[in-house]
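I have placed the structure first, in the form of structure tokens, so that the comments after it can refer back to it.
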Amino acid sequence: MTDYTRPLLLGYARRDLYVSDQHVERLKGELTKFAAVEGFAMGSTYVENVETAPAAFNALVESLNRYELTAVVIPDWRHLALIGDPERVKREFERVTGARFMLYDAP
């Protein structure tokens, strides 16, 4: 259940950087815990597949703009590499959406 008293945090990750779907599901659970610690409610985690990139990233941007959200959590900068140079993607993303990326450091 989503806690609507906290700001919503979305996630983004590349599927090909994980061994299995089970690992992706574990990541989603970890991101939910991270969101709670950081004062957010966790929304959807957009998972990018190499074959359909940048479909999940585009859907993420649409959601950010539609709901005026301010933050996205990613496991590390490599997750942006399917879109382009991670630093350029970060800069353009923040300019276009007004949102920021947060890094999740796995324990």
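Residues in the structure tokens are numbered from 1 in each chain, the chains being A, B, ... in the order shown, and ligands are numbered from 1 in the order shown.
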> as an NGL selection string, which residues of region 24-99 of chain A does DSSP assign to helix (DSSP H, G or I)?
Replying inline: :A and (24-37 or 50-52 or 55-67 or 77-80 or 86-97)
Limited to C-alpha atoms, could you put the picked residues into a file as an mmCIF file, in the first residue's frame?
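Result saved to selection38.cif:
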data_model
loop_
_atom_site.group_PDB
_atom_site.id
_atom_site.type_symbol
_atom_site.label_atom_id
_atom_site.label_comp_id
_atom_site.auth_asym_id
_atom_site.auth_seq_id
_atom_site.Cartn_x
_atom_site.Cartn_y
_atom_site.Cartn_z
ATOM 1 C CA VAL A 24 15.065 -7.641 -10.010
ATOM 2 C CA GLU A 25 12.241 -8.340 -7.552
ATOM 3 C CA ARG A 26 14.725 -8.288 -4.669
ATOM 4 C CA LEU A 27 15.992 -4.905 -5.914
ATOM 5 C CA LYS A 28 12.430 -3.543 -5.948
ATOM 6 C CA GLY A 29 12.022 -4.596 -2.310
ATOM 7 C CA GLU A 30 15.315 -2.941 -1.385
ATOM 8 C CA LEU A 31 14.284 0.257 -3.159
ATOM 9 C CA THR A 32 11.032 0.277 -1.192
ATOM 10 C CA LYS A 33 13.003 0.082 2.058
ATOM 11 C CA PHE A 34 15.367 2.800 0.822
ATOM 12 C CA ALA A 35 12.417 5.058 -0.015
ATOM 13 C CA ALA A 36 10.972 4.691 3.490
ATOM 14 C CA VAL A 37 14.302 5.526 5.131
ATOM 15 C CA VAL A 50 17.849 -3.863 -23.908
ATOM 16 C CA GLU A 51 15.521 -4.925 -26.728
ATOM 17 C CA THR A 52 12.974 -2.165 -26.096
ATOM 18 C CA ALA A 55 10.697 2.562 -23.629
ATOM 19 C CA ALA A 56 10.866 2.265 -19.824
ATOM 20 C CA PHE A 57 12.905 5.472 -19.523
ATOM 21 C CA ASN A 58 10.381 7.362 -21.650
ATOM 22 C CA ALA A 59 7.511 6.020 -19.514
ATOM 23 C CA LEU A 60 9.411 7.112 -16.394
ATOM 24 C CA VAL A 61 9.791 10.658 -17.742
ATOM 25 C CA GLU A 62 6.085 10.752 -18.663
ATOM 26 C CA SER A 63 5.121 9.692 -15.127
ATOM 27 C CA LEU A 64 7.411 12.288 -13.574
ATOM 28 C CA ASN A 65 5.886 15.037 -15.672
ATOM 29 C CA ARG A 66 2.292 13.858 -15.231
ATOM 30 C CA TYR A 67 2.489 13.649 -11.440
ATOM 31 C CA TRP A 77 25.012 5.339 -12.983
ATOM 32 C CA ARG A 78 25.493 2.305 -15.276
ATOM 33 C CA HIS A 79 21.724 1.975 -15.366
ATOM 34 C CA LEU A 80 21.533 5.087 -17.546
ATOM 35 C CA PRO A 86 25.201 8.721 -17.984
ATOM 36 C CA GLU A 87 26.448 12.228 -17.137
ATOM 37 C CA ARG A 88 24.750 13.737 -20.185
ATOM 38 C CA VAL A 89 21.556 11.768 -19.521
ATOM 39 C CA LYS A 90 21.555 12.955 -15.889
ATOM 40 C CA ARG A 91 22.052 16.599 -16.880
ATOM 41 C CA GLU A 92 19.365 16.546 -19.596
ATOM 42 C CA PHE A 93 16.952 14.549 -17.420
ATOM 43 C CA GLU A 94 17.235 17.045 -14.569
ATOM 44 C CA ARG A 95 16.843 19.997 -16.958
ATOM 45 C CA VAL A 96 13.763 18.572 -18.695
ATOM 46 C CA THR A 97 11.939 17.052 -15.704
#
> What residues in region 16-100 of chain A get the DSSP label strand (DSSP E or B)? Please answer as JSON, numbers by chain.
Replying inline: {"A": [41, 42, 43, 44, 45, 46, 47, 48, 71, 72, 73, 74, 100]}
>> Just checking: using only C-alpha atoms, which residue out of A:Glu38, A:Glu68, A:Asp16, A:Asp21 ends up closest to Ala81 (chain A)?
In response: A:Asp16
> Which residues, written as JSON, numbers by chain, have at least one atom at most 10 Å from Pro7 (chain A), with only C-alpha atoms counted and residues fewer than 3 positions away on the same chain left out?
Replying inline: {"A": [3, 4, 35, 39, 40, 41, 42, 43, 69, 70, 71]}
>> As an exercise, work out the distance from CA of Met102 (chain A) to CA of Val72 (chain A) in Å and give it to one decimal place.
In response: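 Answer for the CA of Met102 (chain A) to CA of Val72 (chain A) separation: 6.0 Å.
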>> If I take CA of Tyr18 (chain A) and CA of Ala99 (chain A), how far is one from the other in Å, to one decimal?
In response: 25.6 Å
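Counting only C-alpha atoms, the residue from A:Asp76, A:Gly84, A:Leu103, A:Ser44 that sits nearest to Leu9 (chain A) is A:Ser44.
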> Between A:Gly11, A:Gln22, A:Ala53, A:Thr45, which is the closest to Val73 (chain A) once you count only C-alpha atoms?
Replying inline: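 Smallest separation from Val73 (chain A) among the options: A:Gly11.
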